[in-house]
Structures are given as C-alpha cells and as structure tokens.
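S.K.: Submitted below is the structure of interest, expressed as structure tokens.
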Amino acid sequence: MIQRRLELDGHTIAVTEPDRRLCGDEGPTKMEVMAYYIKVAPRILPFLHGRPTSTVLRPDQSTQEFRFARTAPPGCPRRFATYGLACFGRPQLERYLTVPDRGTLEALVDYGCLSFHPWSSTVAATLQPSQMVFNLDPERIAFREVRNAALLLRDLLAACGLTAWVKTSGGRGLHVLVPLSGSVSYGDTRLAADSIVRRAIRREPTLFSRDPRRAKRRGRILLDTSRNDRGATIVAPYAVATSGLVSALLAWDELQQPIYPEDFDMDRVVARERADLPNQAAFFAAEQSLEPLLRRKPSSRSPLDGRACAHGKADWLVGDTPAAVGDEARWHRRSATNDGNAEVDRAML
C-alpha cells in the first residue's frame, strides 16, 4: 500500500493511498482532505469533543459507494477512543467513535473517514441536547429561497428570545443551530422545534413542507426537525461532505448576499478562519433556554424519546439516520443503569 508523508506547519503525518480521489476519478485526493482537516482542526474539534460521533466512510474500490457508519465499524482499530452507550433491546453496549484531539482526527481520516456527524448531546449527558437543529432540505427550488427561509427561522427564534447560527449542509440545504444551556430533554427540544416550524409554515405555506418524500415537495423546502431526536446526528461544521464541499459556518449577513453551496470548498473554508473563530466562540458562549417556548406547552414526550438504536440492514452501517424507536419503559430501565454513566474506552490511546 502506497504511503506518503505530509508535512504541514511543522507537523508530519503518514498518509496511505495519498493520491486516491474522493470518488473514482473525481473530487479531492486523500492527501488534500488530510491537509484540510489538519488546518481546520482547531475549528472542528470543539464540535466533536466529548460527543458520540458517526462517520461517513470513503467509497471502497469494490462498490464506489459512501457508507454511513452509525457506530464504530467492525475492524475499527482499538487505538481509536470509543464510548459505550446503552441501546434499546440489546443487552450489550454499543460502541461509538469519539474525536477528542487532532491526532485522533488525523488517524480517522487516514483510516477512511471523510465526514463526521456528532450527536447533539455529550456522553456526559446523553439525554440532554446542547443544541436545537433545523434541517432545511430544498427540492428543486432556488437557493435564494433557502437563504430567505433560514432568515425567517432566525427571526421567529429571535421573537422567542433565542439566538441562532447557520451553516451550509455540504449539499443544497442549510442547517440552523440553536445552542442550549441547562437541562432540557430531547422530547422538549423536538416539541419546541416543531412549534417554530408550525409558525414558519403559517407564514409561508407555499414555501415549506413537512413531507420527506421528494416527489411530494417539489418546489418547496422540507423543514426537518427529526435531528432533535436522541441519537440523531448532523454533519459537523467544517466537515467535508460527500459532495466534496464543506459544511461551513456562516454569518447571518452572508445570507443576504448571493452566496451558494459551491462557494464553500476546502480552500475557501480554510481562508475563513479569521471570521469563523469569533463566530463559533459566540456559539459556544451562548447561554439560553427553551423555557419561554415551553412554558405553556408541557411536553407529552418522554425525555428518552429518540432513535439512537434503530437498526438498518447492518448493526453498524445504515444509509441514513435511524428511524424513531418507542417502548419508553424499556428505555428507562436500561438508561437507569447505563446511560447516565457511559463507558469510555481509551486504553489504547
């Protein structure tokens, strides 16, 4: 197997298959992706540290298909830190990757990880999300309408006393993020997000849809709040998407300009460091609560509502975030012994 050393800013790392491109003969090389992640490590690591993280693996030569690894994939080297989390309907803990430092980030990229999708909660408080997420997924509609939709969500959230941030999805959409402090359940977070979405649809009924079927929402934007369930993930800011573009953290005034997802490739995101660092510092410093939204809307959902342990065709590999899982009583029994004190495996670091 070909291996080449990458030297960058006094840092040296060995990269296997350095000239292999993202998909077939297209996209950036593995060496270019590694160089990018080294440069943005100070920006992406705060969004990954202490969180269970799913990954997107680069295509292998046999299938040329990207693979979403919900948990640590089989054969994943033991040198990678993992968290053991309780799973509905299974006696054993499930092992999730975590990215505590730059060395782990580099090793995972060399292993074949292209993109990183963390939970909205940390392993120290897996039932309490630290952000509320809105996924704006357009279907055959101009990107300027997606920008306007995100601005509308920002204004609706501001009317409720909540400050939001926005980033590109790495595809054709945008993600609106609301950092949260204090104790809040996933159930209440989803309830609050749905409340905002209903207000947005009342304002622009012909622009938005809640139907995930693409054929049923052409010319509209899906307002997806399902990423507010336990175990649901969203691509991290600064992560490289399967498109080869980056999920870039933006300033709100940028949405009032004619920007497009193609404007945020790896080189351009690296050059945004001066603007990005204060923007994300403000994100992590935000202290705000969902209480104003929830004060008159008591949740009928369990704080353990979530879908972390639904399984697709394989235990560790699914094509998308898993579907919702019920049976709250069994969740409560399982979580009482395991979920509050997740096991951490760092012995081989």
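Letters A, B, ... go to the chains of the structure tokens in the order shown; residues in each chain start at 1; ligands are counted from 1 in the same order.
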Please provide as an MDAnalysis selection string all residues within 12 Å of A:Gly103, with the sequence filter that same-chain residues fewer than 5 positions apart are discarded (counting only C-alpha atoms).

M.R.: chainID A and resid 11:14 34 37:38 41:42 45 79:81 98 108:110 349

S.K.: Just the residues within 10 Å of A:Pro237, please, counting only C-alpha atoms, with nothing from its chain fewer than 5 positions along; format it as a compact mmCIF listing (two decimals) with C-alpha atoms, in the first residue's frame.

M.R.:
# COMPACT_ATOMS: atom_id res chain seq x y z
CA ARG A 43 -12.30 24.87 14.46
CA ILE A 44 -13.93 21.44 14.04
CA LEU A 45 -12.72 19.74 17.24
CA PRO A 46 -14.89 21.80 19.65
CA PHE A 47 -17.96 20.47 17.79
CA LEU A 48 -16.79 16.85 18.16
CA PHE A 116 -18.08 13.44 10.95
CA HIS A 117 -21.64 13.50 12.33
CA VAL A 166 -26.48 28.93 10.42
CA LYS A 167 -24.24 26.71 8.32
CA THR A 168 -24.32 25.07 4.94
CA SER A 169 -25.20 21.38 4.86
CA GLY A 170 -22.48 20.40 2.41
CA HIS A 175 -28.79 23.96 8.91
CA VAL A 246 -17.69 21.74 3.28
CA SER A 247 -20.42 22.30 5.84
CA ALA A 248 -19.42 25.90 6.50
CA LEU A 249 -20.40 28.03 9.49
CA LEU A 250 -21.77 31.34 8.23
CA GLN A 280 -18.08 29.92 16.76

S.K.: Determine which residues of stretch 86-306 of chain A receive a DSSP assignment of alpha helix (DSSP H), computed from the backbone, and state them as a PDB file with C-alpha atoms, in the first residue's frame.

M.R.:
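To be explicit, this is the file written out as out.pdb:
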ATOM      1  CA  ARG A 102      -6.159  16.282  16.436  1.00  0.00           C
ATOM      2  CA  GLY A 103      -4.216  13.042  16.466  1.00  0.00           C
ATOM      3  CA  THR A 104      -7.444  11.026  16.517  1.00  0.00           C
ATOM      4  CA  LEU A 105      -8.942  13.211  13.780  1.00  0.00           C
ATOM      5  CA  GLU A 106      -5.919  12.591  11.554  1.00  0.00           C
ATOM      6  CA  ALA A 107      -5.928   8.842  12.249  1.00  0.00           C
ATOM      7  CA  LEU A 108      -9.638   8.553  11.406  1.00  0.00           C
ATOM      8  CA  VAL A 109      -9.177  10.452   8.136  1.00  0.00           C
ATOM      9  CA  ASP A 110      -6.312   8.142   7.201  1.00  0.00           C
ATOM     10  CA  TYR A 111      -8.472   5.143   8.150  1.00  0.00           C
ATOM     11  CA  PHE A 143     -31.029  28.563  -3.234  1.00  0.00           C
ATOM     12  CA  ARG A 144     -32.013  32.185  -2.597  1.00  0.00           C
ATOM     13  CA  GLU A 145     -35.301  30.812  -1.246  1.00  0.00           C
ATOM     14  CA  VAL A 146     -33.362  28.566   1.139  1.00  0.00           C
ATOM     15  CA  ARG A 147     -31.414  31.591   2.360  1.00  0.00           C
ATOM     16  CA  ASN A 148     -34.660  33.505   2.905  1.00  0.00           C
ATOM     17  CA  ALA A 149     -36.175  30.529   4.736  1.00  0.00           C
ATOM     18  CA  ALA A 150     -33.236  30.418   7.147  1.00  0.00           C
ATOM     19  CA  LEU A 151     -33.568  34.150   7.786  1.00  0.00           C
ATOM     20  CA  LEU A 152     -37.263  33.648   8.577  1.00  0.00           C
ATOM     21  CA  LEU A 153     -36.409  30.928  11.102  1.00  0.00           C
ATOM     22  CA  ARG A 154     -33.827  33.232  12.659  1.00  0.00           C
ATOM     23  CA  ASP A 155     -36.446  35.951  13.114  1.00  0.00           C
ATOM     24  CA  LEU A 156     -39.029  33.549  14.562  1.00  0.00           C
ATOM     25  CA  LEU A 157     -36.463  32.230  17.029  1.00  0.00           C
ATOM     26  CA  ALA A 158     -35.376  35.755  17.962  1.00  0.00           C
ATOM     27  CA  ALA A 159     -39.005  36.594  18.750  1.00  0.00           C
ATOM     28  CA  TYR A 186     -34.783  15.652  23.580  1.00  0.00           C
ATOM     29  CA  GLY A 187     -38.557  15.437  23.729  1.00  0.00           C
ATOM     30  CA  ASP A 188     -38.936  19.073  24.734  1.00  0.00           C
ATOM     31  CA  THR A 189     -36.338  20.158  22.181  1.00  0.00           C
ATOM     32  CA  ARG A 190     -38.279  18.438  19.408  1.00  0.00           C
ATOM     33  CA  LEU A 191     -41.512  19.974  20.718  1.00  0.00           C
ATOM     34  CA  ALA A 192     -40.002  23.463  20.631  1.00  0.00           C
ATOM     35  CA  ALA A 193     -38.576  22.942  17.141  1.00  0.00           C
ATOM     36  CA  ASP A 194     -41.932  21.733  15.836  1.00  0.00           C
ATOM     37  CA  SER A 195     -43.589  24.811  17.335  1.00  0.00           C
ATOM     38  CA  ILE A 196     -41.248  27.107  15.402  1.00  0.00           C
ATOM     39  CA  VAL A 197     -41.798  25.134  12.204  1.00  0.00           C
ATOM     40  CA  ARG A 198     -45.569  25.451  12.510  1.00  0.00           C
ATOM     41  CA  ARG A 199     -45.192  29.208  12.787  1.00  0.00           C
ATOM     42  CA  ALA A 200     -42.950  29.269   9.712  1.00  0.00           C
ATOM     43  CA  ILE A 201     -45.463  27.253   7.688  1.00  0.00           C
ATOM     44  CA  ARG A 202     -48.277  29.579   8.705  1.00  0.00           C
ATOM     45  CA  ARG A 203     -46.179  32.491   7.442  1.00  0.00           C
ATOM     46  CA  MET A 266     -11.962  23.260   1.303  1.00  0.00           C
ATOM     47  CA  ASP A 267      -9.596  26.046   0.231  1.00  0.00           C
ATOM     48  CA  ARG A 268     -12.148  28.800   0.768  1.00  0.00           C
ATOM     49  CA  VAL A 269     -13.190  27.491   4.186  1.00  0.00           C
ATOM     50  CA  VAL A 270      -9.545  27.338   5.310  1.00  0.00           C
ATOM     51  CA  GLU A 273     -10.502  31.301   9.822  1.00  0.00           C
ATOM     52  CA  ARG A 274     -10.358  34.931  10.954  1.00  0.00           C
ATOM     53  CA  ALA A 275     -14.141  35.334  10.662  1.00  0.00           C
ATOM     54  CA  ASP A 276     -15.027  31.800  11.778  1.00  0.00           C
ATOM     55  CA  LEU A 277     -13.259  31.741  15.149  1.00  0.00           C
ATOM     56  CA  PRO A 278     -15.164  34.629  16.799  1.00  0.00           C
ATOM     57  CA  ASN A 279     -18.425  33.401  15.281  1.00  0.00           C
ATOM     58  CA  GLN A 280     -18.082  29.918  16.761  1.00  0.00           C
ATOM     59  CA  ALA A 281     -16.746  31.314  20.046  1.00  0.00           C
ATOM     60  CA  ALA A 282     -20.012  33.208  20.385  1.00  0.00           C
ATOM     61  CA  PHE A 283     -21.909  29.979  19.610  1.00  0.00           C
ATOM     62  CA  PHE A 284     -20.273  28.100  22.477  1.00  0.00           C
ATOM     63  CA  ALA A 285     -20.600  31.063  24.859  1.00  0.00           C
ATOM     64  CA  GLU A 291     -38.305  27.745  28.751  1.00  0.00           C
ATOM     65  CA  PRO A 292     -40.090  30.688  27.051  1.00  0.00           C
ATOM     66  CA  LEU A 293     -41.195  28.386  24.231  1.00  0.00           C
ATOM     67  CA  LEU A 294     -42.202  25.523  26.512  1.00  0.00           C
TER      68      LEU A 294
END

S.K.: Between A:Gly244, A:Pro52, A:Gly219, A:Gly182, which one has atoms that come closest to A:Asp263, using only C-alpha atoms?

M.R.: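 Among the listed residues, A:Gly244 lies closest to A:Asp263.
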
S.K.: Excluding A:Ser130 and its own-chain neighbours fewer than 2 positions away, which residues fall within 9 Å of it when counting only C-alpha atoms? Please give them as number ranges by chain.

M.R.: A: 120-122, 128, 132, 178-184

S.K.: Restricted to C-alpha atoms, what would the selected residues look like written as a PDB file, in the first residue's frame?

M.R.:
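Result file follows (part-v7.pdb):
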ATOM      1  CA  SER A 120     -26.445  16.918  19.761  1.00  0.00           C
ATOM      2  CA  SER A 121     -25.633  15.782  23.316  1.00  0.00           C
ATOM      3  CA  THR A 122     -22.397  14.875  25.024  1.00  0.00           C
ATOM      4  CA  GLN A 128     -29.789  16.458  27.315  1.00  0.00           C
ATOM      5  CA  MET A 132     -31.692  22.511  18.694  1.00  0.00           C
ATOM      6  CA  VAL A 178     -29.668  26.991  18.393  1.00  0.00           C
ATOM      7  CA  PRO A 179     -27.190  26.403  21.246  1.00  0.00           C
ATOM      8  CA  LEU A 180     -28.870  25.478  24.532  1.00  0.00           C
ATOM      9  CA  SER A 181     -27.753  25.575  28.142  1.00  0.00           C
ATOM     10  CA  GLY A 182     -29.219  23.959  31.227  1.00  0.00           C
ATOM     11  CA  SER A 183     -31.234  20.759  31.412  1.00  0.00           C
ATOM     12  CA  VAL A 184     -33.586  20.108  28.534  1.00  0.00           C
TER      13      VAL A 184
END
